[in-house]
$ cat entry.tsv   # TSV, C-alpha atoms
chain	number	residue	atom	x	y	z
A	20	MET	CA	77.05	-65.86	31.67
A	21	SER	CA	80.80	-66.39	31.39
A	22	ASP	CA	82.29	-69.46	33.08
A	23	THR	CA	85.42	-67.43	33.86
A	24	PRO	CA	84.98	-65.95	37.34
A	25	LEU	CA	86.83	-62.65	37.23
A	26	LEU	CA	88.30	-61.10	40.35
A	27	SER	CA	86.24	-58.64	42.36
A	28	SER	CA	87.26	-55.03	42.90
A	29	LEU	CA	88.19	-55.79	46.52
A	30	ASP	CA	90.46	-58.66	45.45
A	31	MET	CA	92.05	-56.39	42.83
A	32	ALA	CA	92.62	-53.77	45.53
A	33	ARG	CA	94.25	-56.43	47.74
A	34	PHE	CA	96.58	-57.34	44.87
A	35	VAL	CA	97.42	-53.69	44.17
A	36	ALA	CA	98.10	-53.04	47.86
A	37	ARG	CA	99.98	-56.20	48.80
A	38	GLY	CA	101.27	-57.62	45.50
A	39	PHE	CA	99.76	-61.09	45.87
A	40	LEU	CA	96.62	-63.17	46.08
A	41	ARG	CA	96.70	-66.57	47.74
A	42	PHE	CA	94.27	-69.41	47.06
A	43	ASP	CA	94.65	-72.42	49.34
A	44	ALA	CA	94.09	-76.00	48.15
A	45	VAL	CA	92.21	-74.97	45.00
A	46	VAL	CA	93.95	-77.35	42.58
A	47	PRO	CA	92.30	-80.79	42.70
A	48	ASP	CA	94.35	-83.67	44.13
A	49	GLU	CA	94.13	-85.46	40.80
A	50	ILE	CA	96.01	-82.64	39.04
A	51	ASN	CA	98.53	-82.41	41.89
A	52	ALA	CA	99.25	-86.13	41.59
A	53	GLN	CA	99.53	-85.88	37.80
A	54	PHE	CA	101.96	-82.97	38.08
A	55	LEU	CA	104.19	-84.83	40.55
A	56	ALA	CA	104.11	-87.92	38.33
A	57	GLU	CA	105.10	-85.82	35.31
A	58	THR	CA	108.03	-84.25	37.16
A	59	GLY	CA	109.16	-87.52	38.68
A	60	GLU	CA	110.96	-88.22	41.93
A	61	ALA	CA	114.29	-86.58	42.66
A	62	PRO	CA	117.13	-89.11	42.50
A	63	ALA	CA	118.45	-90.25	45.87
A	64	PRO	CA	121.55	-88.50	47.29
A	65	VAL	CA	124.80	-89.81	45.79
A	66	GLU	CA	128.16	-89.36	47.51
A	67	GLY	CA	130.08	-86.66	45.66
A	68	ARG	CA	127.15	-85.48	43.49
A	69	LYS	CA	126.30	-81.85	44.10
A	70	VAL	CA	122.75	-80.63	44.52
A	71	LEU	CA	122.87	-79.02	41.07
A	72	GLY	CA	123.64	-82.45	39.64
A	73	ALA	CA	120.58	-83.92	41.32
A	74	LEU	CA	118.48	-81.04	40.01
A	75	GLY	CA	119.81	-81.60	36.50
A	76	ALA	CA	118.94	-85.30	36.69
A	77	LEU	CA	115.41	-84.38	37.79
A	78	PHE	CA	115.00	-81.92	34.90
A	79	ALA	CA	116.20	-84.55	32.42
A	80	GLN	CA	113.48	-86.99	33.44
A	81	SER	CA	110.69	-84.40	33.85
A	82	ALA	CA	107.87	-84.29	31.30
A	83	ILE	CA	107.49	-80.54	31.73
A	84	PRO	CA	108.39	-79.08	28.32
A	85	GLU	CA	111.05	-76.56	27.44
A	86	VAL	CA	109.23	-73.49	26.11
A	87	ALA	CA	110.67	-70.44	24.36
A	88	PRO	CA	109.81	-67.03	25.80
A	89	GLY	CA	107.28	-65.15	23.70
A	90	THR	CA	105.12	-68.21	23.10
A	91	PRO	CA	101.40	-67.57	23.64
A	92	LEU	CA	100.60	-69.08	27.04
A	93	ALA	CA	97.69	-70.94	25.43
A	94	GLN	CA	100.21	-72.86	23.28
A	95	ALA	CA	102.87	-73.52	25.93
A	96	TYR	CA	101.51	-76.76	27.39
A	97	ALA	CA	99.98	-79.81	25.71
A	98	GLN	CA	96.30	-80.51	26.14
A	99	GLY	CA	95.81	-82.95	29.00
A	100	SER	CA	99.08	-82.13	30.72
A	101	ALA	CA	98.89	-81.22	34.41
A	102	VAL	CA	99.95	-77.62	33.84
A	103	ARG	CA	97.45	-77.14	31.01
A	104	ARG	CA	94.69	-78.55	33.20
A	105	LEU	CA	95.76	-76.23	36.03
A	106	LEU	CA	95.70	-73.20	33.75
A	107	ASP	CA	92.25	-74.22	32.52
A	108	LEU	CA	90.70	-74.22	35.99
A	109	PRO	CA	88.03	-71.47	36.04
A	110	LEU	CA	89.56	-69.77	39.09
A	111	VAL	CA	92.98	-69.70	37.44
A	112	ARG	CA	91.64	-68.44	34.11
A	113	GLY	CA	89.69	-65.72	35.88
A	114	ALA	CA	92.63	-64.56	37.99
A	115	ILE	CA	95.00	-64.52	35.01
A	116	GLN	CA	92.52	-62.62	32.83
A	117	SER	CA	91.84	-60.11	35.62
A	118	LEU	CA	95.52	-59.46	36.41
A	119	ALA	CA	97.37	-60.02	33.12
A	120	GLY	CA	94.56	-59.42	30.65
A	121	PRO	CA	93.54	-61.64	27.72
A	122	ASP	CA	95.96	-63.88	25.85
A	123	PRO	CA	99.05	-63.52	28.03
A	124	VAL	CA	102.45	-64.45	26.71
A	125	PHE	CA	104.68	-67.10	28.26
A	126	ASP	CA	107.85	-65.56	29.70
A	127	HIS	CA	109.50	-68.50	31.48
A	128	HIS	CA	108.78	-71.23	33.94
A	129	PHE	CA	110.93	-73.06	36.45
A	130	LEU	CA	110.69	-76.15	38.59
A	131	HIS	CA	112.00	-74.99	41.96
A	132	VAL	CA	113.16	-77.99	43.95
A	133	THR	CA	114.68	-77.44	47.37
A	134	PHE	CA	116.73	-80.33	48.66
A	135	PRO	CA	116.92	-81.62	52.25
A	136	PRO	CA	120.17	-81.82	54.27
A	137	ALA	CA	121.04	-85.37	53.14
A	138	TYR	CA	121.87	-84.07	49.64
A	139	TYR	CA	124.34	-81.52	51.01
A	140	GLU	CA	125.91	-84.09	53.33
A	141	ALA	CA	126.47	-86.33	50.32
A	142	GLY	CA	127.52	-83.76	47.75
A	143	GLY	CA	128.88	-80.79	49.68
A	144	GLY	CA	127.75	-77.19	49.59
A	145	GLU	CA	125.91	-75.26	52.23
A	146	ASN	CA	122.23	-75.78	52.88
A	147	VAL	CA	120.99	-72.20	53.29
A	148	SER	CA	117.95	-70.15	52.36
A	149	GLN	CA	117.97	-68.05	49.22
A	150	HIS	CA	118.70	-64.36	49.57
A	151	THR	CA	115.62	-62.18	49.27
A	152	HIS	CA	115.35	-60.69	45.79
A	153	GLN	CA	113.05	-59.27	43.13
A	154	ASP	CA	112.90	-61.31	39.92
A	155	SER	CA	114.27	-60.18	36.56
A	156	THR	CA	115.82	-56.71	36.65
A	157	VAL	CA	114.95	-53.11	37.46
A	158	ASP	CA	111.50	-52.54	36.00
A	159	PRO	CA	110.18	-48.98	35.91
A	160	ALA	CA	106.96	-49.86	34.03
A	161	ARG	CA	103.58	-48.96	35.54
A	162	GLY	CA	102.13	-52.33	34.55
A	163	PHE	CA	103.57	-55.66	35.65
A	164	ASP	CA	104.09	-59.29	34.77
A	165	LEU	CA	102.16	-61.96	36.59
A	166	GLN	CA	103.86	-64.85	38.33
A	167	VAL	CA	101.92	-67.93	39.36
A	168	MET	CA	103.47	-70.16	42.01
A	169	TYR	CA	102.00	-73.63	42.31
A	170	TYR	CA	102.54	-75.89	45.33
A	171	PRO	CA	101.64	-79.43	44.23
A	172	HIS	CA	102.22	-81.00	47.65
A	173	ALA	CA	101.74	-79.84	51.24
A	174	VAL	CA	104.54	-77.62	52.57
A	175	THR	CA	105.47	-77.56	56.25
A	176	ARG	CA	107.47	-74.81	57.97
A	177	GLU	CA	110.37	-77.27	58.35
A	178	MET	CA	110.47	-77.58	54.54
A	179	GLY	CA	111.19	-73.88	54.26
A	180	GLY	CA	108.59	-72.67	51.82
A	181	THR	CA	108.68	-69.56	49.66
A	182	ARG	CA	109.30	-66.46	51.76
A	183	PHE	CA	107.76	-63.24	50.49
A	184	VAL	CA	107.19	-59.75	51.83
A	185	PRO	CA	103.70	-58.34	51.17
A	186	GLY	CA	103.64	-54.80	49.85
A	187	THR	CA	107.20	-54.66	48.45
A	188	HIS	CA	106.17	-55.00	44.79
A	189	LEU	CA	106.14	-51.27	43.96
A	190	ARG	CA	109.79	-50.71	44.90
A	191	LYS	CA	112.14	-50.33	41.95
A	192	VAL	CA	115.15	-52.42	42.93
A	193	SER	CA	117.79	-54.44	41.14
A	194	GLU	CA	117.25	-58.16	41.72
A	195	VAL	CA	119.31	-59.38	44.68
A	196	ALA	CA	120.82	-56.00	45.55
A	197	LEU	CA	118.50	-56.18	48.55
A	198	GLY	CA	119.97	-59.52	49.69
A	199	ARG	CA	121.35	-57.84	52.80
A	200	TYR	CA	117.84	-57.72	54.30
A	201	GLN	CA	117.70	-61.07	56.06
A	202	ASN	CA	114.38	-60.54	57.77
A	203	ILE	CA	111.64	-58.00	57.28
A	204	ARG	CA	108.68	-57.45	59.56
A	205	GLY	CA	105.54	-58.97	58.06
A	206	GLN	CA	107.37	-61.50	55.88
A	207	GLN	CA	105.36	-64.63	55.13
A	208	HIS	CA	106.43	-68.22	54.60
A	209	MET	CA	104.38	-70.45	52.33
A	210	VAL	CA	103.18	-73.20	54.65
A	211	CYS	CA	100.25	-74.66	52.79
A	212	GLU	CA	98.18	-77.59	51.69
A	213	ALA	CA	98.66	-79.35	48.37
A	214	GLY	CA	97.18	-77.50	45.41
A	215	THR	CA	97.77	-73.99	46.73
A	216	LEU	CA	98.40	-71.11	44.33
A	217	LEU	CA	100.04	-67.72	44.72
A	218	PHE	CA	99.42	-65.03	42.12
A	219	LEU	CA	102.24	-62.51	42.42
A	220	HIS	CA	103.06	-59.08	41.05
A	221	SER	CA	106.45	-59.52	39.37
A	222	GLY	CA	108.00	-56.92	41.68
A	223	ILE	CA	107.37	-58.66	45.00
A	224	TRP	CA	110.42	-59.44	47.15
A	225	HIS	CA	110.81	-63.15	47.84
A	226	GLY	CA	113.23	-66.05	48.31
A	227	GLY	CA	113.27	-69.79	48.86
A	228	GLY	CA	113.46	-71.01	52.44
A	229	VAL	CA	116.03	-73.55	53.60
A	230	ASN	CA	114.69	-77.10	53.62
A	231	LEU	CA	115.41	-78.84	56.94
A	232	SER	CA	113.00	-81.72	56.42
A	233	ASP	CA	113.75	-85.18	55.05
A	234	ARG	CA	112.10	-84.76	51.63
A	235	THR	CA	112.43	-82.48	48.64
A	236	ARG	CA	110.13	-79.47	48.30
A	237	THR	CA	108.72	-78.63	44.88
A	238	MET	CA	107.21	-75.41	43.61
A	239	PHE	CA	106.45	-74.64	39.97
A	240	LYS	CA	106.50	-71.04	38.80
A	241	ILE	CA	105.19	-69.55	35.57
A	242	ARG	CA	105.86	-65.95	34.59
A	243	MET	CA	103.62	-64.39	31.98
A	244	ASN	CA	103.51	-61.01	30.24
A	245	PRO	CA	100.40	-59.07	29.28
A	246	SER	CA	99.74	-58.84	25.54
A	247	ALA	CA	97.35	-55.91	25.89
A	248	PRO	CA	96.96	-53.10	28.45
A	249	GLN	CA	95.98	-54.42	31.89
A	250	VAL	CA	93.14	-51.94	32.11
A	251	ARG	CA	89.65	-52.74	33.45
A	252	ARG	CA	90.03	-56.50	33.12
A	253	TRP	CA	88.34	-57.61	36.34
A	254	ASP	CA	84.65	-57.89	37.29
A	255	LEU	CA	83.70	-54.25	36.81
A	256	SER	CA	80.19	-54.87	38.12
A	257	THR	CA	81.81	-54.82	41.58
A	258	LEU	CA	83.46	-51.44	41.03
A	259	PRO	CA	81.64	-48.60	42.87
A	260	ALA	CA	80.61	-45.75	40.60
A	261	GLU	CA	82.22	-43.24	42.92
A	262	PRO	CA	85.28	-43.55	45.17
A	263	ALA	CA	84.54	-43.79	48.88
A	264	ARG	CA	85.37	-40.40	50.32
A	265	ARG	CA	86.02	-41.04	53.96
A	266	PRO	CA	87.32	-38.93	56.84
A	267	ILE	CA	91.07	-39.05	57.33
A	268	PHE	CA	93.33	-38.86	60.39
A	269	TYR	CA	90.60	-37.69	62.79
A	270	VAL	CA	88.35	-40.73	62.72
A	271	LYS	CA	86.02	-41.84	65.50
A	272	THR	CA	84.57	-45.09	64.21
A	273	PRO	CA	85.88	-48.07	62.24
A	274	GLN	CA	85.57	-47.59	58.49
A	275	PRO	CA	83.95	-50.20	56.21
A	276	GLU	CA	86.15	-52.25	53.91
A	277	THR	CA	86.36	-50.56	50.52
A	278	VAL	CA	88.87	-50.32	47.69
A	279	GLU	CA	90.19	-47.22	49.43
A	280	SER	CA	90.51	-48.80	52.88
A	281	ILE	CA	92.43	-51.73	51.40
A	282	LEU	CA	94.79	-49.45	49.46
A	283	MET	CA	95.43	-47.43	52.63
A	284	THR	CA	96.33	-50.39	54.87
A	285	PRO	CA	100.05	-50.29	55.76
A	286	GLU	CA	102.44	-53.23	56.09
A	287	PRO	CA	104.41	-53.88	59.30
A	288	TRP	CA	107.71	-53.02	57.58
A	289	PHE	CA	106.62	-49.62	56.27
A	290	GLU	CA	108.90	-46.75	57.18
A	291	GLN	CA	106.92	-43.89	58.62
A	292	ASP	CA	107.52	-41.42	55.78
A	293	THR	CA	107.91	-43.73	52.78
A	294	GLY	CA	104.84	-45.67	53.91
A	295	ARG	CA	102.89	-42.65	52.68
A	296	LEU	CA	104.71	-42.81	49.36
A	297	GLU	CA	103.69	-46.47	49.15
A	298	PHE	CA	100.07	-45.29	49.43
A	299	VAL	CA	100.68	-42.80	46.60
A	300	ASN	CA	102.17	-45.51	44.41
A	301	ARG	CA	99.24	-47.84	45.12
A	302	ILE	CA	96.85	-45.06	44.06
A	303	LYS	CA	98.84	-44.57	40.86
A	304	LEU	CA	98.70	-48.31	40.07
A	305	TRP	CA	94.94	-48.34	40.72
A	306	ARG	CA	94.53	-45.34	38.39
A	307	HIS	CA	96.40	-47.31	35.72
A	308	LEU	CA	94.44	-50.55	36.12
A	309	ALA	CA	91.07	-48.80	36.46
A	310	GLY	CA	91.73	-46.40	33.58
A	311	ASP	CA	90.73	-43.62	35.96
A	312	ALA	CA	93.30	-40.82	36.05
A	313	ALA	CA	91.28	-38.93	38.65
A	314	PHE	CA	91.03	-41.73	41.21
A	315	ASP	CA	92.27	-40.92	44.69
A	316	ALA	CA	92.13	-42.44	48.14
A	317	ASP	CA	92.30	-40.46	51.35
A	318	TYR	CA	93.15	-37.24	49.46
A	319	TRP	CA	96.86	-38.03	48.98
A	320	LEU	CA	97.07	-37.07	45.31
A	321	THR	CA	94.18	-34.57	45.29
A	322	ARG	CA	96.15	-32.47	47.76
A	323	LEU	CA	99.31	-32.59	45.65
A	324	GLU	CA	97.55	-32.08	42.31
A	325	ASN	CA	95.41	-29.15	43.42
A	326	PRO	CA	95.43	-26.91	40.30
A	327	ALA	CA	95.07	-23.79	42.44
A	328	ARG	CA	98.44	-24.52	44.00
A	329	ALA	CA	100.02	-25.05	40.58
A	330	GLU	CA	98.65	-21.67	39.42
A	331	ALA	CA	100.00	-19.97	42.49
A	332	ALA	CA	103.45	-21.27	41.73
A	333	LEU	CA	103.65	-19.61	38.32
B	21	MET	CA	141.31	-64.40	68.64
B	22	VAL	CA	138.94	-61.52	68.19
B	23	ARG	CA	136.20	-61.73	65.59
B	24	GLN	CA	133.52	-59.29	64.51
B	25	LYS	CA	129.77	-59.76	64.72
B	26	VAL	CA	127.69	-57.36	62.67
B	27	LEU	CA	124.10	-56.32	63.26
B	28	VAL	CA	122.23	-54.30	60.64
B	29	LEU	CA	119.01	-52.65	61.70
B	30	TYR	CA	116.55	-50.88	59.41
B	31	LEU	CA	114.45	-48.40	61.35
B	32	ALA	CA	111.12	-46.69	60.76
B	33	ASN	CA	112.73	-43.26	60.49
B	34	SER	CA	116.15	-41.65	60.86
B	35	ALA	CA	115.98	-41.57	64.68
B	36	LEU	CA	117.97	-44.29	66.40
B	37	ASP	CA	115.15	-44.75	68.88
B	38	SER	CA	112.55	-45.51	66.20
B	39	PRO	CA	111.21	-49.06	65.70
B	40	VAL	CA	113.06	-51.81	63.81
B	41	VAL	CA	111.36	-52.80	60.54
B	42	ALA	CA	114.04	-55.14	59.13
B	43	TRP	CA	117.32	-56.63	60.32
B	44	ALA	CA	120.30	-58.86	59.58
B	45	VAL	CA	123.06	-60.51	61.60
B	46	TYR	CA	126.44	-61.69	60.32
B	47	ASP	CA	128.61	-63.68	62.69
B	48	GLY	CA	132.36	-63.68	62.08
B	49	SER	CA	132.94	-66.01	65.03
B	50	GLY	CA	131.32	-68.87	63.14
B	51	GLU	CA	129.28	-69.84	66.18
B	52	THR	CA	125.98	-69.13	64.47
B	53	ARG	CA	124.86	-69.08	60.83
B	54	PRO	CA	122.16	-66.42	60.44
B	55	MET	CA	120.36	-66.49	57.09
B	56	ALA	CA	117.42	-65.02	55.22
B	57	GLY	CA	114.06	-65.76	56.75
B	58	ASP	CA	115.38	-67.25	60.00
B	59	ALA	CA	113.39	-65.02	62.36
B	60	ASP	CA	110.04	-63.28	62.14
B	61	HIS	CA	110.56	-61.01	65.15
B	62	PRO	CA	113.33	-58.40	65.38
B	63	PRO	CA	116.12	-58.88	67.93
B	64	TYR	CA	115.55	-55.38	69.33
B	65	ARG	CA	112.59	-53.03	69.42
B	66	THR	CA	114.69	-49.97	68.46
B	67	GLY	CA	118.27	-49.07	67.57
B	68	VAL	CA	118.82	-47.66	71.06
B	69	ASP	CA	117.87	-51.03	72.56
B	70	ALA	CA	120.78	-52.52	70.61
B	71	LEU	CA	123.13	-49.89	72.07
B	72	ARG	CA	121.93	-50.74	75.55
B	73	ASP	CA	122.76	-54.39	74.88
B	74	GLY	CA	126.38	-53.58	74.03
B	75	TRP	CA	126.34	-53.16	70.24
B	76	ARG	CA	128.55	-50.33	68.95
B	77	LEU	CA	127.13	-48.15	66.16
B	78	ILE	CA	129.67	-47.93	63.32
B	79	GLN	CA	127.64	-46.51	60.41
B	80	ALA	CA	124.33	-44.79	59.77
B	81	SER	CA	122.71	-43.99	56.43
B	82	GLN	CA	122.59	-40.40	55.29
B	83	ILE	CA	119.36	-38.43	54.97
B	84	LEU	CA	119.31	-37.43	51.33
B	85	PRO	CA	117.13	-34.91	49.48
B	86	HIS	CA	114.67	-36.12	46.85
B	87	ALA	CA	115.58	-35.62	43.21
B	88	ARG	CA	113.02	-33.49	41.35
B	89	GLY	CA	110.67	-35.72	39.38
B	90	GLU	CA	111.57	-38.79	41.44
B	91	GLU	CA	109.91	-37.80	44.70
B	92	PHE	CA	107.62	-40.84	44.77
B	93	ASP	CA	110.13	-43.44	43.60
B	94	LEU	CA	110.97	-46.03	46.21
B	95	ALA	CA	113.71	-48.62	46.14
B	96	TYR	CA	115.83	-49.78	49.09
B	97	LEU	CA	115.16	-49.42	52.79
B	98	LYS	CA	116.16	-45.97	53.87
B	99	TYR	CA	117.26	-45.94	57.51
B	100	GLU	CA	120.13	-48.40	57.78
B	101	PHE	CA	122.30	-48.66	60.89
B	102	PHE	CA	125.37	-50.91	61.19
B	103	PHE	CA	126.50	-52.12	64.62
B	104	GLU	CA	129.37	-54.35	65.68
B	105	GLN	CA	130.48	-56.46	68.60
B	106	LEU	CA	133.99	-57.84	68.98
B	107	VAL	CA	133.97	-61.33	70.44
B	108	GLU	CA	136.73	-63.61	71.66
B	109	THR	CA	136.86	-66.97	69.94
B	110	ALA	CA	139.00	-70.06	70.41
B	111	ALA	CA	142.08	-70.17	68.18
$ encode --input "entry.tsv" --output "structure tokens"
Amino acid sequence: MSDTPLLSSLDMARFVARGFLRFDAVVPDEINAQFLAETGEAPAPVEGRKVLGALGALFAQSAIPEVAPGTPLAQAYAQGSAVRRLLDLPLVRGAIQSLAGPDPVFDHHFLHVTFPPAYYEAGGGENVSQHTHQDSTVDPARGFDLQVMYYPHAVTREMGGTRFVPGTHLRKVSEVALGRYQNIRGQQHMVCEAGTLLFLHSGIWHGGGVNLSDRTRTMFKIRMNPSAPQVRRWDLSTLPAEPARRPIFYVKTPQPETVESILMTPEPWFEQDTGRLEFVNRIKLWRHLAGDAAFDADYWLTRLENPARAEAAL
Amino acid sequence: MVRQKVLVLYLANSALDSPVVAWAVYDGSGETRPMAGDADHPPYRTGVDALRDGWRLIQASQILPHARGEEFDLAYLKYEFFFEQLVETAA
């Protein structure tokens, strides 16, 4: 039996529907401590030194390597380093293999450090949260890149935390063009214990929260690209042979949790009409990942793809 | 001096009395500094509730047809309404 625990079909459906999976306190304290030792402490605030200067000083002392994009992820970090040990955790290997497929390619990584007010008082600049954005640039592909966010120490609400909006990952937008949206119903803030991981679809809308505490906040992000189609990579023994055909609209009793019920769960920010298009796009992503061009949930695409209607239109 | 405060509401459909799904506030008076992620609950339940509280509607998004072949493509929030208030500030 493999020692790589692949994701279940229900977890895959949650990722397809919401664009993230969260695992709390799954990285051992020993690796968290090693990671923080390898990055080092941020230098104390210095009068006249801007926050970017403090960040540059932290990067210069950090043991985290510079890595060129396109490097096989397996070769990006030295054996024994904290990040290599993190990536070798069975849960992490299983999630990466399920979502990105085998042998992913390193895209980039970044040490996100958010500084407390004392640094702005010393060096100037405004201590504000980051505008909400989608990483990289407009991306019309059906597949996606995987981003792993690692929180090596506990994060309180006062420290800001990463803000992200579940279910936004299937929207094709241009980076921070959406920065006007200050707050969106259903947004989440990463308040978590040390050793927490977020696995994110590369399209999810997010931003760093303002740090109002008295210490720096650190989050390490790795983006990786698939090197092979992301098709049928999870634990397929959990995939039902047939989709769950369930009654729609006129329903008298609660429905059991299935792939379909997860894909058809709306987010609080959904507009009433485009929320239905979100369902359609989730179905299309599931078709892609499952290699099942006929998959449907709650009849949305079956209705539209009815061949009898196409014939009638000729 | 008079300064402008701007409220942007994103609604669940094109009706001004539909629920708020996203929002932003920009304060030209300098009295407050709204920013991303500073509130998890909307300031009003609907756009009409903002009118009742004295905000003046100055712009609403158009309702546009869907380009053939792009009917399922989604990008930015669709039902955007800009409001303003003019406030007196100290010189």
$ atom_distance --input "entry.tsv" --atom1 "atom CA of Arg182 of chain A" --atom2 "atom CA of Tyr64 of chain B"
21.7 Å
$ residues_around --input "entry.tsv" --residues "Val68 of chain B" --least-positions-apart "4" --cutoff "10 Å" --atoms "all atoms listed in the file" --output "PyMOL selection string"
chain B and resi 35-39+64+72-73+75+77
$ closest_atom_pairs --input "entry.tsv" --of "chain B" --to "chain A" --cutoff "9 Å" --atoms "all atoms listed in the file" --output "tab-separated table"
residue	atom	partner	partner_atom	distance
B:Val28	CA	A:Tyr200	CA	8.4
B:Tyr30	CA	A:Tyr200	CA	8.6
B:Leu31	CA	A:Glu290	CA	7.1
B:Ala32	CA	A:Glu290	CA	4.2
B:Asn33	CA	A:Gln291	CA	6.1
B:Val40	CA	A:Trp288	CA	8.3
B:Val41	CA	A:Trp288	CA	4.7
B:Ala42	CA	A:Ile203	CA	4.2
B:Trp43	CA	A:Asn202	CA	5.5
B:Ala44	CA	A:Gln201	CA	4.9
B:Val45	CA	A:Gln201	CA	7.7
B:Pro54	CA	A:Gln201	CA	8.2
B:Met55	CA	A:Gln201	CA	6.1
B:Ala56	CA	A:Gln201	CA	4.0
B:Gly57	CA	A:Asn202	CA	5.3
B:Asp58	CA	A:Asn202	CA	7.1
B:Ala59	CA	A:Asn202	CA	6.5
B:Asp60	CA	A:Arg204	CA	6.5
B:His61	CA	A:Arg204	CA	6.9
B:Pro62	CA	A:Arg204	CA	7.5
B:Glu91	CA	A:Leu296	CA	8.6
B:Phe92	CA	A:Leu296	CA	5.8
B:Asp93	CA	A:Lys191	CA	7.4
B:Leu94	CA	A:Arg190	CA	5.0
B:Ala95	CA	A:Arg190	CA	4.6
B:Tyr96	CA	A:Val192	CA	6.7
B:Leu97	CA	A:Glu290	CA	8.1
B:Lys98	CA	A:Glu290	CA	8.0
B:Tyr99	CA	A:Glu290	CA	8.4
$ write_last_selection --input "entry.tsv" --atoms "C-alpha atoms" --output "CSV table (one decimal), in the frame of the given file"
chain,number,residue,atom,x,y,z
B,28,VAL,CA,122.2,-54.3,60.6
B,30,TYR,CA,116.6,-50.9,59.4
B,31,LEU,CA,114.4,-48.4,61.4
B,32,ALA,CA,111.1,-46.7,60.8
B,33,ASN,CA,112.7,-43.3,60.5
B,40,VAL,CA,113.1,-51.8,63.8
B,41,VAL,CA,111.4,-52.8,60.5
B,42,ALA,CA,114.0,-55.1,59.1
B,43,TRP,CA,117.3,-56.6,60.3
B,44,ALA,CA,120.3,-58.9,59.6
B,45,VAL,CA,123.1,-60.5,61.6
B,54,PRO,CA,122.2,-66.4,60.4
B,55,MET,CA,120.4,-66.5,57.1
B,56,ALA,CA,117.4,-65.0,55.2
B,57,GLY,CA,114.1,-65.8,56.8
B,58,ASP,CA,115.4,-67.2,60.0
B,59,ALA,CA,113.4,-65.0,62.4
B,60,ASP,CA,110.0,-63.3,62.1
B,61,HIS,CA,110.6,-61.0,65.2
B,62,PRO,CA,113.3,-58.4,65.4
B,91,GLU,CA,109.9,-37.8,44.7
B,92,PHE,CA,107.6,-40.8,44.8
B,93,ASP,CA,110.1,-43.4,43.6
B,94,LEU,CA,111.0,-46.0,46.2
B,95,ALA,CA,113.7,-48.6,46.1
B,96,TYR,CA,115.8,-49.8,49.1
B,97,LEU,CA,115.2,-49.4,52.8
B,98,LYS,CA,116.2,-46.0,53.9
B,99,TYR,CA,117.3,-45.9,57.5
$ residues_around --input "entry.tsv" --residues "Thr58 of chain A" --least-positions-apart "4" --cutoff "7 Å" --atoms "only C-alpha atoms" --output "ChimeraX atom specification"
/A:54,81-83
$ write_last_selection --input "entry.tsv" --atoms "C-alpha atoms" --output "short mmCIF file (atom, residue, chain, number, x, y, z; two decimals), in the frame of the given file"
data_model
loop_
_atom_site.label_atom_id
_atom_site.label_comp_id
_atom_site.auth_asym_id
_atom_site.auth_seq_id
_atom_site.Cartn_x
_atom_site.Cartn_y
_atom_site.Cartn_z
CA PHE A 54 101.96 -82.97 38.08
CA SER A 81 110.69 -84.40 33.85
CA ALA A 82 107.87 -84.29 31.30
CA ILE A 83 107.49 -80.54 31.73
#
$ axis_aligned_box --input "entry.tsv" --around "segment 312-323 of chain A" --padding-each-side "8 Å" --output "JSON"
{"center_x": 95.2, "center_y": -37.5, "center_z": 43.7, "size_x": 24.3, "size_y": 26.0, "size_z": 31.3}
$ closest_residue --input "entry.tsv" --among "A:Leu165, A:Val102, A:Leu320, A:Leu74" --to "Gly38 of chain A" --atoms "only C-alpha atoms"
A:Leu165
$ atom_distance --input "entry.tsv" --atom1 "atom CA of Pro121 of chain A" --atom2 "atom CA of Arg301 of chain A"
22.9 Å
$ atom_distance --input "entry.tsv" --atom1 "atom CA of Gln80 of chain A" --atom2 "atom CA of Ser100 of chain A"
15.4 Å
$ residues_around --input "entry.tsv" --residues "Lys240 of chain A" --least-positions-apart "3" --cutoff "7 Å" --atoms "all atoms listed in the file" --output "MDAnalysis selection string"
chainID A and resid 128:130 166:169
$ closest_residue --input "entry.tsv" --among "A:Trp319, A:Phe34, A:Tyr170, A:Tyr269" --to "Asp48 of chain A" --atoms "all atoms listed in the file"
A:Tyr170
$ residues_near_point --input "entry.tsv" --point "(141.8, -67.0, 70.5)" --cutoff "7 Å" --atoms "all atoms listed in the file" --output "PyMOL selection string"
chain B and resi 21-22+108-111
$ write_last_selection --input "entry.tsv" --atoms "C-alpha atoms" --output "mmCIF file, keeping the file's coordinate frame"
data_model
loop_
_atom_site.group_PDB
_atom_site.id
_atom_site.type_symbol
_atom_site.label_atom_id
_atom_site.label_comp_id
_atom_site.auth_asym_id
_atom_site.auth_seq_id
_atom_site.Cartn_x
_atom_site.Cartn_y
_atom_site.Cartn_z
ATOM 1 C CA MET B 21 141.310 -64.400 68.640
ATOM 2 C CA VAL B 22 138.940 -61.520 68.190
ATOM 3 C CA GLU B 108 136.730 -63.610 71.660
ATOM 4 C CA THR B 109 136.860 -66.970 69.940
ATOM 5 C CA ALA B 110 139.000 -70.060 70.410
ATOM 6 C CA ALA B 111 142.080 -70.170 68.180
#
$ closest_atom_pairs --input "entry.tsv" --of "segment 105-139 of chain A" --to "segment 246-254 of chain A" --cutoff "9 Å" --atoms "only C-alpha atoms" --output "Markdown table"
| residue | atom | partner | partner_atom | distance |
| --- | --- | --- | --- | --- |
| A:Gly113 | CA | A:Trp253 | CA | 8.2 |
| A:Ala114 | CA | A:Trp253 | CA | 8.3 |
| A:Gln116 | CA | A:Arg252 | CA | 6.6 |
| A:Ser117 | CA | A:Trp253 | CA | 4.4 |
| A:Leu118 | CA | A:Gln249 | CA | 6.8 |
| A:Ala119 | CA | A:Gln249 | CA | 5.9 |
| A:Gly120 | CA | A:Gln249 | CA | 5.3 |
| A:Pro121 | CA | A:Ala247 | CA | 7.1 |
| A:Asp122 | CA | A:Ser246 | CA | 6.3 |
| A:Pro123 | CA | A:Ser246 | CA | 5.3 |
| A:Val124 | CA | A:Ser246 | CA | 6.3 |
